[in-house]
>>> print(open('upload-v2.cif').read())   # mmCIF, C-alpha atoms
data_protein
#
loop_
_atom_site.label_atom_id
_atom_site.label_comp_id
_atom_site.auth_asym_id
_atom_site.auth_seq_id
_atom_site.Cartn_x
_atom_site.Cartn_y
_atom_site.Cartn_z
CA MET A 8 -61.93 -18.57 -25.54
CA GLU A 9 -59.48 -20.47 -27.74
CA GLU A 10 -60.29 -21.37 -31.31
CA THR A 11 -61.10 -25.05 -31.85
CA LYS A 12 -61.33 -27.46 -34.75
CA GLU A 13 -62.61 -31.00 -35.22
CA CYS A 14 -60.20 -33.94 -35.09
CA PRO A 15 -60.22 -35.65 -38.50
CA SER A 16 -60.04 -39.10 -36.89
CA CYS A 17 -62.48 -39.03 -33.95
CA ALA A 18 -64.45 -35.82 -34.69
CA GLU A 19 -63.94 -34.50 -31.14
CA PRO A 20 -63.27 -30.78 -30.68
CA ILE A 21 -59.61 -29.90 -30.10
CA LYS A 22 -57.54 -26.70 -29.97
CA ALA A 23 -56.81 -25.24 -33.40
CA THR A 24 -53.07 -25.30 -32.62
CA ALA A 25 -53.01 -28.93 -31.41
CA ARG A 26 -50.43 -31.28 -32.90
CA ILE A 27 -51.89 -34.42 -31.28
CA CYS A 28 -55.55 -35.12 -30.54
CA LYS A 29 -56.05 -35.40 -26.78
CA HIS A 30 -58.92 -37.85 -27.28
CA CYS A 31 -57.57 -40.41 -29.77
CA ARG A 32 -53.83 -39.50 -29.78
CA THR A 33 -53.77 -39.08 -33.59
CA ALA A 34 -50.86 -36.98 -34.83
CA LEU A 35 -52.29 -34.08 -36.77
CA ALA A 36 -50.69 -32.63 -39.88
CA PHE A 37 -49.17 -29.22 -39.39
CA SER A 38 -47.15 -27.02 -41.66
CA GLN A 39 -43.87 -25.71 -40.44
CA GLU A 40 -41.33 -23.96 -42.57
CA GLY A 41 -38.03 -25.68 -43.11
CA GLU A 42 -36.32 -28.15 -45.41
CA LEU A 43 -35.68 -31.86 -45.73
CA VAL A 44 -31.96 -32.67 -45.58
CA LYS A 45 -30.55 -36.05 -46.68
CA VAL A 46 -28.54 -37.70 -43.92
CA ARG A 47 -26.88 -41.02 -43.22
CA VAL A 48 -27.08 -42.39 -39.66
CA ARG A 49 -25.31 -45.24 -37.88
CA GLY A 50 -27.17 -46.71 -34.92
CA ARG A 51 -27.13 -50.11 -33.26
CA GLU A 52 -24.70 -51.51 -35.82
CA LYS A 53 -26.96 -50.62 -38.75
CA ASN A 54 -26.73 -47.82 -41.28
CA TYR A 55 -29.77 -45.88 -42.42
CA TRP A 56 -30.25 -42.98 -44.76
CA GLY A 57 -33.20 -40.72 -45.33
CA GLU A 58 -34.52 -37.21 -45.01
CA LEU A 59 -34.36 -35.22 -41.76
CA PHE A 60 -36.64 -32.20 -41.34
CA VAL A 61 -34.68 -29.11 -40.30
CA PRO A 62 -36.87 -26.14 -39.26
CA ALA A 63 -36.24 -22.75 -40.85
CA ASN A 64 -33.47 -20.74 -39.17
CA SER A 65 -31.96 -23.92 -37.68
CA ARG A 66 -28.93 -26.02 -38.49
CA VAL A 67 -28.80 -29.80 -38.80
CA SER A 68 -26.74 -29.94 -35.60
CA ASP A 69 -29.43 -27.94 -33.77
CA THR A 70 -32.05 -30.46 -34.87
CA ILE A 71 -29.93 -33.44 -33.85
CA ASN A 72 -28.93 -31.95 -30.48
CA ASP A 73 -32.32 -30.58 -29.41
CA ASP A 74 -34.08 -31.90 -26.30
CA ARG A 75 -36.15 -34.53 -28.11
CA GLN A 76 -35.21 -38.15 -27.49
CA PHE A 77 -35.52 -39.31 -31.12
CA ILE A 78 -34.57 -38.12 -34.56
CA VAL A 79 -37.06 -38.89 -37.29
CA LEU A 80 -36.16 -39.83 -40.86
CA THR A 81 -38.68 -39.92 -43.70
CA ASN A 82 -38.17 -41.87 -46.94
CA ALA A 83 -35.69 -43.91 -44.90
CA LYS A 84 -33.79 -46.96 -46.10
CA GLU A 85 -31.70 -49.49 -44.22
CA GLU A 86 -28.40 -50.30 -45.87
CA THR A 87 -27.53 -53.96 -46.27
CA LYS A 88 -24.63 -55.62 -48.08
CA THR A 89 -26.69 -56.41 -51.16
CA ILE A 90 -29.66 -54.02 -51.35
CA ASP A 91 -31.22 -51.09 -49.54
CA VAL A 92 -34.42 -52.02 -47.72
CA HIS A 93 -37.12 -49.34 -47.83
CA VAL A 94 -38.28 -48.55 -44.28
CA GLY A 95 -40.28 -45.37 -44.93
CA PHE A 96 -40.66 -43.62 -41.57
CA LEU A 97 -37.99 -44.22 -38.96
CA ALA A 98 -37.56 -42.81 -35.43
CA ILE A 99 -34.13 -43.51 -33.95
CA ASN A 100 -33.33 -43.07 -30.27
CA LYS A 101 -30.52 -40.52 -29.99
CA ASN A 102 -28.77 -42.65 -27.34
CA SER A 103 -28.22 -45.40 -29.92
CA ILE A 104 -26.72 -43.16 -32.62
CA GLU A 105 -22.98 -43.42 -33.26
CA TRP A 106 -22.76 -40.79 -36.00
CA VAL A 107 -24.76 -38.68 -38.47
CA ARG A 108 -23.43 -37.52 -41.85
CA LEU A 109 -24.90 -35.20 -44.43
CA ILE A 110 -25.40 -36.54 -47.94
CA PRO A 111 -24.46 -33.86 -50.49
CA GLN A 112 -27.41 -32.55 -52.51
CA GLY A 113 -27.87 -34.26 -55.85
CA SER A 114 -26.01 -37.40 -54.72
CA GLY A 115 -27.29 -40.84 -54.07
CA ARG A 116 -26.39 -42.97 -51.10
CA GLY A 117 -23.15 -44.11 -52.73
CA ALA A 118 -21.68 -40.63 -52.45
CA ALA A 119 -22.14 -40.76 -48.69
CA ARG A 120 -20.28 -44.05 -48.21
CA THR A 121 -16.80 -43.86 -46.79
CA LEU A 122 -13.84 -46.22 -46.57
CA GLU A 123 -14.71 -47.23 -43.01
CA ASP A 124 -17.98 -48.84 -44.19
#
>>> encode(input="upload-v2.cif", output="structure tokens")
Amino acid sequence: MEETKECPSCAEPIKATARICKHCRTALAFSQEGELVKVRVRGREKNYWGELFVPANSRVSDTINDDRQFIVLTNAKEETKTIDVHVGFLAINKNSIEWVRLIPQGSGRGAARTLED
């Protein structure tokens, strides 16, 4: 028999390895080894920047080109002409993405801007 645990939201028993509760659909915290990489993304005529989780032993391109339909940015901001608007968590449909660029470590958003912007 599989090991179970209690869902922190609805208190129903679920598999110990579950990522989403089958009863209340709450996403459960899990620890996976990897790193957060700063990226800049253009999608639907808007630019965003934030942190993309890249699992250990993977490349950024592997994460972007995997079979999931969305890429997820944390600590995300939307670039505007005057200020950057804090969005927080952002899931972007891969079909709407025009490009993705890495932001060099230790740089702010300005370092990632290019002449085409």
>>> residues_around(input="upload-v2.cif", residues="range 27-42 of chain A", least_positions_apart="4", cutoff="9 Å", atoms="only C-alpha atoms", output="ChimeraX atom specification")
/A:14-17,19-22,59-65
>>> residues_around(input="upload-v2.cif", residues="Asn54 in chain A", least_positions_apart="6", cutoff="9 Å", atoms="only C-alpha atoms", output="JSON, numbers by chain")
{"A": [47, 48, 84, 85, 86, 87]}
>>> residues_near_point(input="upload-v2.cif", point="(-42.6, -50.1, -40.0)", cutoff="12 Å", atoms="all atoms listed in the file", output="list in words")
Thr81, Asn82, Ala83, Lys84, Glu85, Val92, His93, Val94, Gly95, Phe96, Leu97 and Ala98 of chain A
>>> closest_residue(input="upload-v2.cif", among="A:Lys88, A:Arg66, A:Arg49, A:Arg75", to="Ser103 in chain A", atoms="only C-alpha atoms")
A:Arg49
>>> closest_residue(input="upload-v2.cif", among="A:Lys45, A:Gly57, A:Asn102, A:Glu52", to="Gln76 in chain A", atoms="only C-alpha atoms")
A:Asn102
>>> atom_distance(input="upload-v2.cif", atom1="CA of Gln112 in chain A", atom2="CA of Val79 in chain A")
19.1 Å
>>> atom_distance(input="upload-v2.cif", atom1="CA of Asp91 in chain A", atom2="CA of Trp56 in chain A")
9.5 Å
>>> closest_residue(input="upload-v2.cif", among="A:Lys12, A:Val44, A:Val67, A:Leu80", to="Thr24 in chain A", atoms="all atoms listed in the file")
A:Lys12
>>> residues_around(input="upload-v2.cif", residues="Ile99 in chain A", least_positions_apart="6", cutoff="8 Å", atoms="only C-alpha atoms", output="PyMOL selection string")
chain A and resi 50+77-79
>>> atom_distance(input="upload-v2.cif", atom1="CA of Ala25 in chain A", atom2="CA of Leu43 in chain A")
22.7 Å
>>> closest_residue(input="upload-v2.cif", among="A:Lys101, A:Trp106, A:Thr89, A:Ala23", to="Asp73 in chain A", atoms="only C-alpha atoms")
A:Lys101
>>> closest_residue(input="upload-v2.cif", among="A:Asp69, A:Lys53, A:Val46, A:Ile90", to="Glu105 in chain A", atoms="only C-alpha atoms")
A:Lys53
>>> decode(input="upload-v2.cif", residues="range 63-89 of chain A", atoms="N, CA and C atoms", output="tab-separated table (two decimals), in the first residue's frame")
chain	number	residue	atom	x	y	z
A	63	ALA	N	17.61	20.60	-11.95
A	63	ALA	CA	19.01	20.17	-11.99
A	63	ALA	C	19.23	19.28	-13.21
A	64	ASN	N	20.41	19.35	-13.78
A	64	ASN	CA	20.80	18.56	-14.95
A	64	ASN	C	19.97	18.89	-16.18
A	65	SER	N	19.41	20.10	-16.24
A	65	SER	CA	18.66	20.55	-17.42
A	65	SER	C	19.21	21.91	-17.86
A	66	ARG	N	18.93	22.25	-19.09
A	66	ARG	CA	19.30	23.56	-19.61
A	66	ARG	C	18.04	24.41	-19.70
A	67	VAL	N	18.22	25.71	-19.84
A	67	VAL	CA	17.08	26.62	-19.99
A	67	VAL	C	16.28	26.21	-21.22
A	68	SER	N	16.96	25.89	-22.31
A	68	SER	CA	16.25	25.51	-23.54
A	68	SER	C	15.43	24.23	-23.35
A	69	ASP	N	15.92	23.30	-22.51
A	69	ASP	CA	15.15	22.09	-22.23
A	69	ASP	C	13.85	22.44	-21.51
A	70	THR	N	13.95	23.37	-20.57
A	70	THR	CA	12.78	23.79	-19.79
A	70	THR	C	11.77	24.50	-20.68
A	71	ILE	N	12.25	25.35	-21.57
A	71	ILE	CA	11.35	26.10	-22.45
A	71	ILE	C	10.71	25.20	-23.50
A	72	ASN	N	11.45	24.20	-23.97
A	72	ASN	CA	10.96	23.34	-25.05
A	72	ASN	C	10.38	22.01	-24.58
A	73	ASP	N	10.10	21.87	-23.28
A	73	ASP	CA	9.51	20.62	-22.81
A	73	ASP	C	8.06	20.53	-23.27
A	74	ASP	N	7.36	19.47	-22.88
A	74	ASP	CA	6.01	19.24	-23.40
A	74	ASP	C	4.91	19.99	-22.66
A	75	ARG	N	5.27	20.81	-21.69
A	75	ARG	CA	4.24	21.61	-21.00
A	75	ARG	C	3.81	22.77	-21.88
A	76	GLN	N	2.58	23.22	-21.71
A	76	GLN	CA	2.02	24.26	-22.56
A	76	GLN	C	2.40	25.67	-22.10
A	77	PHE	N	2.83	25.82	-20.85
A	77	PHE	CA	3.14	27.14	-20.30
A	77	PHE	C	4.55	27.16	-19.74
A	78	ILE	N	5.16	28.36	-19.72
A	78	ILE	CA	6.33	28.56	-18.89
A	78	ILE	C	5.89	29.45	-17.74
A	79	VAL	N	6.49	29.22	-16.59
A	79	VAL	CA	6.08	29.93	-15.39
A	79	VAL	C	7.23	30.79	-14.89
A	80	LEU	N	6.95	32.07	-14.67
A	80	LEU	CA	7.93	33.00	-14.11
A	80	LEU	C	7.48	33.38	-12.70
A	81	THR	N	8.43	33.41	-11.78
A	81	THR	CA	8.17	33.92	-10.44
A	81	THR	C	8.87	35.27	-10.30
A	82	ASN	N	8.45	36.06	-9.35
A	82	ASN	CA	8.98	37.42	-9.17
A	82	ASN	C	8.95	38.18	-10.49
A	83	ALA	N	7.88	38.00	-11.25
A	83	ALA	CA	7.77	38.56	-12.59
A	83	ALA	C	7.35	40.02	-12.57
A	84	LYS	N	7.81	40.74	-13.58
A	84	LYS	CA	7.43	42.14	-13.78
A	84	LYS	C	7.11	42.35	-15.25
A	85	GLU	N	6.12	43.21	-15.49
A	85	GLU	CA	5.80	43.60	-16.86
A	85	GLU	C	6.49	44.92	-17.14
A	86	GLU	N	7.20	44.98	-18.25
A	86	GLU	CA	7.89	46.21	-18.62
A	86	GLU	C	6.90	47.16	-19.28
A	87	THR	N	6.93	48.41	-18.85
A	87	THR	CA	6.17	49.46	-19.52
A	87	THR	C	7.15	50.57	-19.86
A	88	LYS	N	6.69	51.59	-20.56
A	88	LYS	CA	7.59	52.67	-20.97
A	88	LYS	C	8.11	53.47	-19.78
A	89	THR	N	7.32	53.57	-18.72
A	89	THR	CA	7.74	54.41	-17.60
A	89	THR	C	8.23	53.62	-16.39
